[in-house]
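One file, my_file12.cif, carrying mmCIF, C-alpha atoms and all ligand atoms:
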```cif
data_protein
loop_
_atom_site.label_atom_id
_atom_site.label_comp_id
_atom_site.auth_asym_id
_atom_site.auth_seq_id
_atom_site.Cartn_x
_atom_site.Cartn_y
_atom_site.Cartn_z
CA MET A 75 9.77 -17.40 -29.68
CA THR A 76 6.40 -17.79 -27.96
CA ALA A 77 4.09 -14.84 -27.39
CA ASN A 78 3.00 -14.24 -23.77
CA PRO A 79 4.15 -17.39 -22.00
CA LEU A 80 1.95 -18.46 -19.12
CA ILE A 81 3.66 -17.99 -15.76
CA LEU A 82 2.59 -20.97 -13.68
CA ASP A 83 1.77 -19.41 -10.32
CA GLY A 84 2.65 -21.86 -7.55
CA ASN A 85 1.10 -19.66 -4.87
CA ARG A 86 -2.25 -19.88 -6.66
CA VAL A 87 -2.08 -23.68 -6.95
CA ALA A 88 -0.98 -23.95 -3.31
CA ALA A 89 -3.87 -21.71 -2.17
CA ASP A 90 -6.31 -23.94 -4.05
CA ILE A 91 -4.96 -27.05 -2.28
CA LYS A 92 -4.97 -25.34 1.14
CA ASP A 93 -8.53 -23.96 0.66
CA GLN A 94 -9.73 -27.54 0.43
CA LEU A 95 -8.05 -28.41 3.77
CA ALA A 96 -9.79 -25.87 6.06
CA GLY A 97 -13.12 -27.74 6.27
CA ARG A 98 -11.39 -31.09 6.68
CA ILE A 99 -9.23 -29.79 9.55
CA SER A 100 -12.38 -28.40 11.27
CA ARG A 101 -14.17 -31.76 10.93
CA LEU A 102 -11.16 -33.51 12.46
CA ALA A 103 -11.17 -30.98 15.34
CA GLU A 104 -14.82 -31.88 16.06
CA LYS A 105 -13.61 -35.44 16.62
CA GLY A 106 -10.80 -34.22 18.89
CA ILE A 107 -8.07 -34.81 16.29
CA THR A 108 -5.45 -32.21 15.37
CA PRO A 109 -3.37 -33.34 12.38
CA CYS A 110 0.29 -33.43 13.39
CA LEU A 111 3.46 -33.48 11.31
CA ALA A 112 6.77 -34.39 12.95
CA THR A 113 9.87 -33.16 11.15
CA ILE A 114 13.31 -34.51 11.93
CA LEU A 115 16.42 -32.48 11.18
CA VAL A 116 19.80 -34.13 11.64
CA GLY A 117 22.63 -31.58 11.88
CA ASP A 118 22.45 -27.84 11.39
CA GLU A 119 22.81 -27.38 7.64
CA PRO A 120 21.30 -23.86 7.17
CA ALA A 121 19.27 -24.61 4.00
CA SER A 122 17.72 -27.72 5.57
CA ALA A 123 16.99 -25.78 8.77
CA THR A 124 15.21 -23.13 6.68
CA TYR A 125 13.08 -25.75 4.85
CA VAL A 126 12.10 -27.37 8.16
CA ARG A 127 11.17 -23.97 9.63
CA MET A 128 9.11 -23.09 6.52
CA LYS A 129 7.23 -26.40 6.75
CA GLY A 130 6.54 -25.90 10.47
CA ASN A 131 5.24 -22.37 9.89
CA ALA A 132 3.06 -23.57 7.02
CA CYS A 133 1.55 -26.24 9.31
CA ASN A 134 0.81 -23.73 12.05
CA ARG A 135 -0.89 -21.32 9.62
CA VAL A 136 -3.52 -23.91 8.61
CA GLY A 137 -4.08 -25.49 12.04
CA ILE A 138 -1.79 -28.51 11.72
CA ARG A 139 0.37 -29.16 14.78
CA SER A 140 4.07 -29.38 13.99
CA VAL A 141 6.63 -31.15 16.13
CA ARG A 142 10.28 -30.51 15.35
CA ILE A 143 12.99 -32.91 16.39
CA ASP A 144 16.54 -31.62 16.09
CA LEU A 145 19.28 -34.22 16.31
CA PRO A 146 23.03 -33.54 16.42
CA ARG A 147 25.10 -34.07 13.27
CA ASP A 148 26.87 -37.10 14.82
CA THR A 149 23.60 -39.00 15.38
CA THR A 150 23.99 -42.67 14.43
CA THR A 151 21.67 -44.52 12.06
CA GLU A 152 20.51 -46.65 15.02
CA LYS A 153 19.63 -43.60 17.14
CA LEU A 154 17.79 -41.95 14.23
CA ILE A 155 15.80 -45.13 13.59
CA ALA A 156 14.92 -45.34 17.29
CA VAL A 157 13.55 -41.76 17.15
CA ILE A 158 11.53 -42.61 14.04
CA GLN A 159 10.12 -45.73 15.72
CA GLN A 160 8.99 -43.66 18.71
CA LEU A 161 7.14 -41.33 16.32
CA ASN A 162 5.64 -44.33 14.51
CA GLU A 163 4.18 -45.49 17.83
CA ASP A 164 2.90 -42.05 18.88
CA PRO A 165 -0.83 -41.91 18.03
CA GLY A 166 -0.74 -38.11 18.17
CA VAL A 167 1.68 -37.94 15.20
CA HIS A 168 0.16 -38.51 11.76
CA GLY A 169 3.02 -37.65 9.39
CA ILE A 170 6.80 -38.00 9.66
CA LEU A 171 9.21 -36.05 7.52
CA LEU A 172 12.93 -36.78 7.68
CA GLN A 173 14.63 -33.76 6.11
CA HIS A 174 16.87 -34.82 3.25
CA PRO A 175 19.84 -34.94 2.88
CA VAL A 176 21.04 -36.48 6.16
CA PRO A 177 24.78 -36.50 7.02
CA HIS A 178 26.78 -38.98 4.90
CA HIS A 179 27.54 -41.42 7.73
CA ILE A 180 23.83 -42.19 8.15
CA ASP A 181 22.21 -44.97 6.14
CA GLU A 182 19.50 -42.76 4.64
CA ARG A 183 17.63 -45.63 2.99
CA ALA A 184 17.41 -47.55 6.28
CA ALA A 185 16.18 -44.41 8.04
CA PHE A 186 13.55 -43.64 5.37
CA ASP A 187 12.37 -47.25 5.44
CA ALA A 188 11.92 -47.08 9.22
CA ILE A 189 9.03 -44.63 8.68
CA SER A 190 5.71 -46.47 8.90
CA MET A 191 3.73 -46.48 5.64
CA GLU A 192 0.75 -44.80 7.31
CA LYS A 193 2.94 -41.83 8.27
CA ASP A 194 5.14 -41.65 5.15
CA VAL A 195 3.66 -38.35 3.96
CA ASP A 196 6.60 -37.60 1.64
CA GLY A 197 6.61 -40.98 -0.12
CA VAL A 198 10.20 -41.79 0.82
CA THR A 199 9.86 -45.43 1.86
CA THR A 200 10.73 -48.20 -0.61
CA LEU A 201 7.12 -49.37 -0.57
CA GLY A 202 5.80 -45.82 -0.99
CA PHE A 203 8.10 -45.34 -3.98
CA ALA A 204 6.94 -48.63 -5.51
CA GLN A 205 3.27 -47.79 -5.00
CA ASN A 206 3.88 -44.43 -6.67
CA ALA A 207 5.51 -46.18 -9.64
CA PHE A 208 2.47 -48.45 -9.91
CA GLY A 209 0.21 -45.39 -9.75
CA PHE A 210 -1.70 -46.03 -6.52
CA ALA A 211 0.37 -44.37 -3.80
CA SER A 212 -1.49 -42.81 -0.87
CA PHE A 213 1.33 -40.32 -0.48
CA PRO A 214 3.53 -39.68 -3.51
CA SER A 215 6.66 -37.61 -2.83
CA CYS A 216 5.58 -34.03 -2.33
CA THR A 217 7.68 -32.26 -4.98
CA PRO A 218 6.75 -34.70 -7.79
CA ALA A 219 3.13 -34.45 -6.64
CA ALA A 220 3.44 -30.65 -6.77
CA ILE A 221 4.72 -30.74 -10.35
CA MET A 222 1.79 -32.93 -11.37
CA ALA A 223 -0.65 -30.64 -9.49
CA ILE A 224 0.61 -27.59 -11.41
CA LEU A 225 0.15 -29.37 -14.75
CA GLU A 226 -3.33 -30.46 -13.69
CA TYR A 227 -4.39 -27.06 -12.32
CA TYR A 228 -3.45 -25.31 -15.56
CA GLN A 229 -4.89 -28.19 -17.64
CA LEU A 230 -1.67 -28.67 -19.55
CA GLN A 231 -1.73 -31.78 -21.68
CA ILE A 232 0.54 -34.63 -20.60
CA SER A 233 -0.79 -37.58 -22.61
CA GLY A 234 1.24 -38.20 -25.75
CA LYS A 235 3.77 -35.50 -24.92
CA HIS A 236 7.51 -36.07 -24.67
CA ALA A 237 8.60 -35.23 -21.13
CA VAL A 238 12.29 -34.85 -20.33
CA VAL A 239 13.19 -35.01 -16.65
CA ILE A 240 16.69 -33.83 -15.74
CA GLY A 241 17.62 -35.65 -12.52
CA ARG A 242 16.94 -39.15 -11.19
CA SER A 243 16.95 -38.78 -7.42
CA PRO A 244 14.63 -41.12 -5.49
CA ILE A 245 12.65 -38.20 -4.08
CA LEU A 246 12.28 -36.20 -7.25
CA GLY A 247 13.52 -37.23 -10.70
CA LYS A 248 12.54 -40.91 -10.57
CA PRO A 249 9.09 -40.51 -8.99
CA VAL A 250 8.10 -37.61 -11.25
CA SER A 251 9.25 -39.64 -14.27
CA ALA A 252 6.96 -42.48 -13.15
CA MET A 253 4.04 -40.11 -12.55
CA LEU A 254 4.40 -38.56 -16.00
CA LEU A 255 4.61 -42.04 -17.53
CA ASN A 256 1.45 -43.05 -15.64
CA LYS A 257 -0.26 -40.05 -17.27
CA ASP A 258 0.77 -41.35 -20.71
CA ALA A 259 3.72 -39.07 -21.43
CA THR A 260 6.71 -40.53 -23.25
CA VAL A 261 9.43 -39.96 -20.68
CA THR A 262 13.18 -39.53 -20.98
CA THR A 263 15.02 -39.33 -17.66
CA CYS A 264 18.44 -37.67 -17.87
CA HIS A 265 21.24 -37.62 -15.30
CA SER A 266 24.89 -36.71 -14.90
CA LYS A 267 26.07 -39.48 -17.26
CA THR A 268 23.63 -38.55 -20.03
CA THR A 269 25.50 -37.58 -23.17
CA GLU A 270 23.97 -34.92 -25.41
CA LEU A 271 21.59 -33.69 -22.72
CA GLU A 272 20.73 -30.62 -24.77
CA HIS A 273 19.68 -32.85 -27.68
CA PHE A 274 17.08 -34.57 -25.45
CA VAL A 275 15.84 -31.32 -23.93
CA ARG A 276 15.42 -29.79 -27.41
CA SER A 277 12.88 -32.49 -28.28
CA ALA A 278 10.85 -32.08 -25.07
CA ASP A 279 7.27 -30.82 -24.90
CA ILE A 280 7.57 -30.84 -21.09
CA VAL A 281 10.88 -30.16 -19.31
CA VAL A 282 11.28 -30.90 -15.60
CA ALA A 283 14.50 -29.53 -14.10
CA ALA A 284 15.48 -31.43 -10.92
CA VAL A 285 19.24 -31.20 -11.15
CA GLY A 286 20.36 -29.05 -8.23
CA LYS A 287 22.47 -26.66 -10.30
CA PRO A 288 21.53 -22.97 -10.43
CA LYS A 289 20.28 -21.69 -13.83
CA PHE A 290 21.40 -24.94 -15.48
CA VAL A 291 18.74 -25.21 -18.22
CA GLN A 292 19.34 -22.67 -20.98
CA GLY A 293 16.82 -20.97 -23.24
CA ASN A 294 18.46 -22.20 -26.45
CA TRP A 295 17.76 -25.81 -25.31
CA ILE A 296 13.99 -25.21 -25.15
CA LYS A 297 11.75 -26.20 -28.03
CA PRO A 298 9.39 -23.30 -28.80
CA GLY A 299 6.10 -23.92 -27.00
CA ALA A 300 7.50 -26.32 -24.39
CA VAL A 301 6.22 -26.32 -20.80
CA VAL A 302 9.08 -25.79 -18.33
CA LEU A 303 8.82 -26.84 -14.68
CA ASP A 304 11.65 -25.85 -12.37
CA ALA A 305 11.91 -27.95 -9.19
CA GLY A 306 15.28 -26.43 -8.34
CA TYR A 307 15.78 -24.52 -5.14
CA ASN A 308 19.36 -23.36 -4.80
CA PRO A 309 20.81 -20.91 -2.27
CA GLY A 310 19.55 -17.39 -2.90
CA ASN A 311 16.14 -18.64 -4.18
CA ILE A 312 17.59 -19.59 -7.55
CA GLY A 313 16.08 -22.35 -9.66
CA ASP A 314 17.67 -24.96 -11.91
CA VAL A 315 16.30 -23.12 -14.97
CA ASP A 316 17.69 -19.92 -16.40
CA PHE A 317 14.23 -18.29 -16.32
CA GLU A 318 15.07 -15.20 -18.34
CA SER A 319 16.58 -17.07 -21.29
CA CYS A 320 13.87 -19.78 -21.27
CA LEU A 321 10.93 -17.37 -21.00
CA PRO A 322 10.84 -16.36 -24.69
CA PHE A 323 10.67 -20.01 -25.82
CA ALA A 324 8.35 -21.60 -23.26
CA SER A 325 4.55 -21.64 -23.61
CA ALA A 326 4.33 -22.00 -19.82
CA ILE A 327 6.98 -21.83 -17.11
CA THR A 328 7.26 -21.93 -13.31
CA PRO A 329 9.21 -19.12 -11.62
CA VAL A 330 11.52 -19.58 -8.61
CA PRO A 331 10.47 -18.62 -6.00
CA ALA A 332 6.66 -18.97 -6.13
CA GLY A 333 6.61 -21.96 -8.45
CA VAL A 334 7.01 -25.59 -7.41
CA GLY A 335 8.12 -24.74 -3.82
CA PRO A 336 4.82 -23.52 -2.32
CA VAL A 337 2.91 -26.35 -3.99
CA THR A 338 5.33 -28.88 -2.45
CA ILE A 339 4.52 -27.53 1.01
CA ALA A 340 0.78 -27.51 0.28
CA LYS A 341 1.02 -31.17 -0.76
CA LEU A 342 2.83 -31.99 2.49
CA LEU A 343 -0.01 -30.36 4.46
CA LYS A 344 -2.60 -32.22 2.41
CA HIS A 345 -0.89 -35.57 2.96
CA THR A 346 -0.73 -34.90 6.72
CA VAL A 347 -4.48 -34.22 6.82
CA ASP A 348 -5.09 -37.33 4.66
CA ALA A 349 -3.06 -39.36 7.19
CA ALA A 350 -4.95 -37.89 10.17
CA GLU A 351 -8.29 -38.72 8.54
CA LYS A 352 -7.31 -42.39 8.47
CA ASN A 353 -7.91 -42.24 12.27
CA LEU A 354 -11.60 -41.67 11.56
CA ASP A 355 -11.98 -45.04 9.83
P1 LIG A 401 20.04 -34.64 -6.09
O1 LIG A 401 19.66 -35.78 -5.21
O2 LIG A 401 21.35 -33.96 -5.92
O3 LIG A 401 19.92 -35.16 -7.60
C1 LIG A 401 20.34 -34.35 -8.67
C2 LIG A 401 20.18 -35.13 -9.95
O4 LIG A 401 20.68 -34.31 -11.01
C3 LIG A 401 20.97 -36.44 -9.97
O5 LIG A 401 20.15 -37.47 -10.51
C4 LIG A 401 22.15 -36.13 -10.89
O6 LIG A 401 22.58 -37.22 -11.66
C5 LIG A 401 21.56 -35.08 -11.81
N1 LIG A 401 22.61 -34.25 -12.39
C6 LIG A 401 23.64 -33.64 -11.74
N2 LIG A 401 24.40 -32.99 -12.63
C7 LIG A 401 23.86 -33.18 -13.85
C8 LIG A 401 24.21 -32.78 -15.16
N3 LIG A 401 25.28 -32.02 -15.39
N4 LIG A 401 23.44 -33.16 -16.19
C9 LIG A 401 22.33 -33.93 -15.97
N5 LIG A 401 21.94 -34.35 -14.74
C10 LIG A 401 22.72 -33.99 -13.70
O7 LIG A 401 18.95 -33.48 -6.01
P2 LIG A 401 17.37 -33.55 -5.66
O8 LIG A 401 17.18 -33.77 -4.22
O9 LIG A 401 16.66 -34.39 -6.64
O10 LIG A 401 17.00 -32.02 -5.95
C11 LIG A 401 17.10 -31.46 -7.23
C12 LIG A 401 16.75 -29.98 -7.14
O11 LIG A 401 15.43 -29.85 -6.64
C13 LIG A 401 17.61 -29.18 -6.17
O12 LIG A 401 17.76 -27.87 -6.69
C14 LIG A 401 16.80 -29.16 -4.90
O13 LIG A 401 17.11 -28.05 -4.07
C15 LIG A 401 15.43 -29.05 -5.47
N6 LIG A 401 14.36 -29.51 -4.59
C16 LIG A 401 13.31 -28.69 -4.49
C17 LIG A 401 12.24 -29.04 -3.72
C18 LIG A 401 11.07 -28.10 -3.69
O14 LIG A 401 10.24 -28.20 -2.80
N7 LIG A 401 10.98 -27.18 -4.66
C19 LIG A 401 12.25 -30.24 -3.02
C20 LIG A 401 13.33 -31.11 -3.15
C21 LIG A 401 14.39 -30.72 -3.96
P3 LIG A 401 23.24 -38.55 -11.02
O15 LIG A 401 22.10 -39.36 -10.50
O16 LIG A 401 23.92 -39.20 -12.17
O17 LIG A 401 24.17 -38.09 -9.94
#
```
Let's see the structure in the file written out as structure tokens.
Amino acid sequence: MTANPLILDGNRVAADIKDQLAGRISRLAEKGITPCLATILVGDEPASATYVRMKGNACNRVGIRSVRIDLPRDTTTEKLIAVIQQLNEDPGVHGILLQHPVPHHIDERAAFDAISMEKDVDGVTTLGFAQNAFGFASFPSCTPAAIMAILEYYQLQISGKHAVVIGRSPILGKPVSAMLLNKDATVTTCHSKTTELEHFVRSADIVVAAVGKPKFVQGNWIKPGAVVLDAGYNPGNIGDVDFESCLPFASAITPVPAGVGPVTIAKLLKHTVDAAEKNLD
């Protein structure tokens, strides 16, 4: 048991990131530039529609223009790529976000890779992923970047620690594993074929849950004093960590909601402003 675990407040970290954007957005306005994020939603999956709406509202609150493109569920890969190419060529659009997941019939990798590098504000392209792995990405994926920002904000040590990441998706588990490795953690990445998952988690100083299963990580898996980061966002605002059972063992833990989620959105806003500033060069 750990006395008084630190609750890692995502709203606080997000506010810190957004505070640093206000002046930059004003300076861009003086040059006649309004940062603009285009979001593409294919189909009408309610959770995805909610995420896209949240991102659009967050843009509008800080003075970033948001353009939303809704495409029907039966959109072909070719049509989606054509829409992305139009946005690539539009000088008024600085960031492009294709909401994941897209319907199964679409070649998601081909669609992600159609996004131009300059506008890949969620680090989804193959080249963006590779640059992130090498440690010099302009725009790392927003959720992994959010997890790293929380660790940095609260000055939690990464170097030399054993980090266990549960999940290996290209937008979350794999990039955050690379980012932790680049900060000198010893990283174990677990997935659905991992045997003895609990054994690995029990040896972790840092646990990242990116599994997509509500309340999956249990308190009796957590080494006393471990830092627990919950990237999960399941229907009903439920994380991938069983917060109540993990709380007594963790030294620091993110809640859901108000943990990784708001920082992910703040990172998306920051990357969009970064992309718009490239027009000043
Ligand atoms: P995903 O693409 O479905 O990947 C889930 C990963 O978990 C896969 O690598 C899978 O392994 C692994 N997994 C599934 N069952 C497992 C098990 N029993 N034991 C160990 N690993 C298991 O999901 P994602 O897009 O990475 O998202 C993960 C979570 O993060 C979801 O809750 C999602 O809603 C949330 N999310 C949050 C944000 C945010 O802003 N907070 C953003 C994006 C995603 P395999 O590779 O072997 O299938």
Could the residues that lie within 6 Å of ligand LIG 401 (chain A), counting all atoms listed in the file, be listed as a list in words?
-> Thr217, Ile240, Gly241, Arg242, Ser243, Leu246, Gly247, Cys264, His265, Ser266, Lys267, Ala284, Val285, Gly286, Ala305, Gly306, Tyr307, Asn308, Asp314, Val334, Gly335 and Thr338 of chain A
Please return, as a CSV table (one decimal) with C-alpha atoms, in the coordinates of the input, all polymer residues that have at least one atom within 12 Å of the point (15.2, -27.1, -29.6); use all atoms listed in the file and the file's own coordinate frame.
```csv
chain,number,residue,atom,x,y,z
A,75,MET,CA,9.8,-17.4,-29.7
A,271,LEU,CA,21.6,-33.7,-22.7
A,272,GLU,CA,20.7,-30.6,-24.8
A,273,HIS,CA,19.7,-32.8,-27.7
A,274,PHE,CA,17.1,-34.6,-25.4
A,275,VAL,CA,15.8,-31.3,-23.9
A,276,ARG,CA,15.4,-29.8,-27.4
A,277,SER,CA,12.9,-32.5,-28.3
A,278,ALA,CA,10.8,-32.1,-25.1
A,279,ASP,CA,7.3,-30.8,-24.9
A,281,VAL,CA,10.9,-30.2,-19.3
A,292,GLN,CA,19.3,-22.7,-21.0
A,293,GLY,CA,16.8,-21.0,-23.2
A,294,ASN,CA,18.5,-22.2,-26.4
A,295,TRP,CA,17.8,-25.8,-25.3
A,296,ILE,CA,14.0,-25.2,-25.2
A,297,LYS,CA,11.8,-26.2,-28.0
A,298,PRO,CA,9.4,-23.3,-28.8
A,299,GLY,CA,6.1,-23.9,-27.0
A,300,ALA,CA,7.5,-26.3,-24.4
A,320,CYS,CA,13.9,-19.8,-21.3
A,323,PHE,CA,10.7,-20.0,-25.8
A,324,ALA,CA,8.4,-21.6,-23.3
```
Close residues, A:Lys105 itself excluded, 10 Å, all atoms listed in the file, min 3 positions apart in chain, as a list in words | Ser100, Arg101, Leu102, Thr108, Asn353 and Leu354 of chain A
Find the residue from A:Ile339, A:Val330, A:Leu80, A:Val167 that sits nearest to A:Tyr125; use all atoms listed in the file when measuring.
->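 Of the candidates, the smallest distance to A:Tyr125 is held by A:Ile339.
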Closest to A:Asp316 among A:Leu254, A:Ile138, A:Cys216, A:Leu303, using all atoms listed in the file?
->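 Residue with the minimum atom-to-atom distance to A:Asp316: A:Leu303.
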Atom CA of A:Ser140 and atom CA of A:Ala349, how far apart in Å?
-> 14.0 Å
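Taking all atoms listed in the file into account, A:Asn162 lies nearest to A:Glu192 out of the set A:Ile221, A:Val302, A:Val87, A:Glu192.
Between atom CA of A:Asn78 and atom CA of A:Ile327 the interatomic distance comes to 10.9 Å.
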Could you please determine the separation between atom CA of A:Lys153 and atom CA of A:Pro244 in Å, to one decimal place?
->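 That distance, rounded to one decimal, is 23.3 Å.
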Determine the nearest neighbour of A:Ala283 from the options A:Ala237, A:Ile107, A:Val195, A:Leu171, counting all atoms listed in the file.
->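 With all atoms listed in the file as the atom set, the closest residue is A:Ala237.
Considering the residues A:Thr260, A:Gln231, A:Thr151, A:Thr124 and counting all atoms listed in the file, A:Gly310 has its shortest atom-to-atom contact with A:Thr124.
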Using all atoms listed in the file, which residue out of A:Arg147, A:Lys352, A:Arg139, A:Lys341 lies closest to A:Lys92?
->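 Among A:Arg147, A:Lys352, A:Arg139, A:Lys341, it is A:Lys341 that comes nearest to A:Lys92.
Residue neighbourhood of A:Leu201, excluding near-sequence residues (fewer than 3 positions): Met191, Ala204 and Gln205 of chain A, at 8 Å, using only C-alpha atoms.
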Could you name the residues that touch A:Val141 at 8 Å or less, counting only C-alpha atoms, but leaving out those on the same chain fewer than 3 positions away, as a list in words?
->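 With the cut-off at 8 Å, the set is Cys110, Leu111, Ala112, Thr113 and Gly130 of chain A.
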Shell of 8 Å around A:Val261, only C-alpha atoms, local chain residues under 4 positions omitted, as a compact mmCIF listing (two decimals) with C-alpha atoms, in the coordinates of the input:
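Written file, result-v6.txt:
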```
# COMPACT_ATOMS: atom_id res chain seq x y z
CA HIS A 236 7.51 -36.07 -24.67
CA ALA A 237 8.60 -35.23 -21.13
CA VAL A 238 12.29 -34.85 -20.33
CA VAL A 239 13.19 -35.01 -16.65
CA SER A 251 9.25 -39.64 -14.27
CA LEU A 254 4.40 -38.56 -16.00
CA LEU A 255 4.61 -42.04 -17.53
```
Name the residues within 10 Å of (12.7, -45.8, 13.2), counting all atoms listed in the file in the file's coordinates, and put them as a count of residues only.
-> 20
Please list as a short mmCIF file (atom, residue, chain, number, x, y, z; two decimals) with C-alpha atoms, keeping the file's coordinate frame every residue within 9 Å of A:Asn256, counting only C-alpha atoms and excluding residues in the same chain fewer than 5 positions away.
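Just written: out21.cif:
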```
data_model
loop_
_atom_site.label_atom_id
_atom_site.label_comp_id
_atom_site.auth_asym_id
_atom_site.auth_seq_id
_atom_site.Cartn_x
_atom_site.Cartn_y
_atom_site.Cartn_z
CA ALA A 207 5.51 -46.18 -9.64
CA PHE A 208 2.47 -48.45 -9.91
CA GLY A 209 0.21 -45.39 -9.75
CA SER A 251 9.25 -39.64 -14.27
#
```
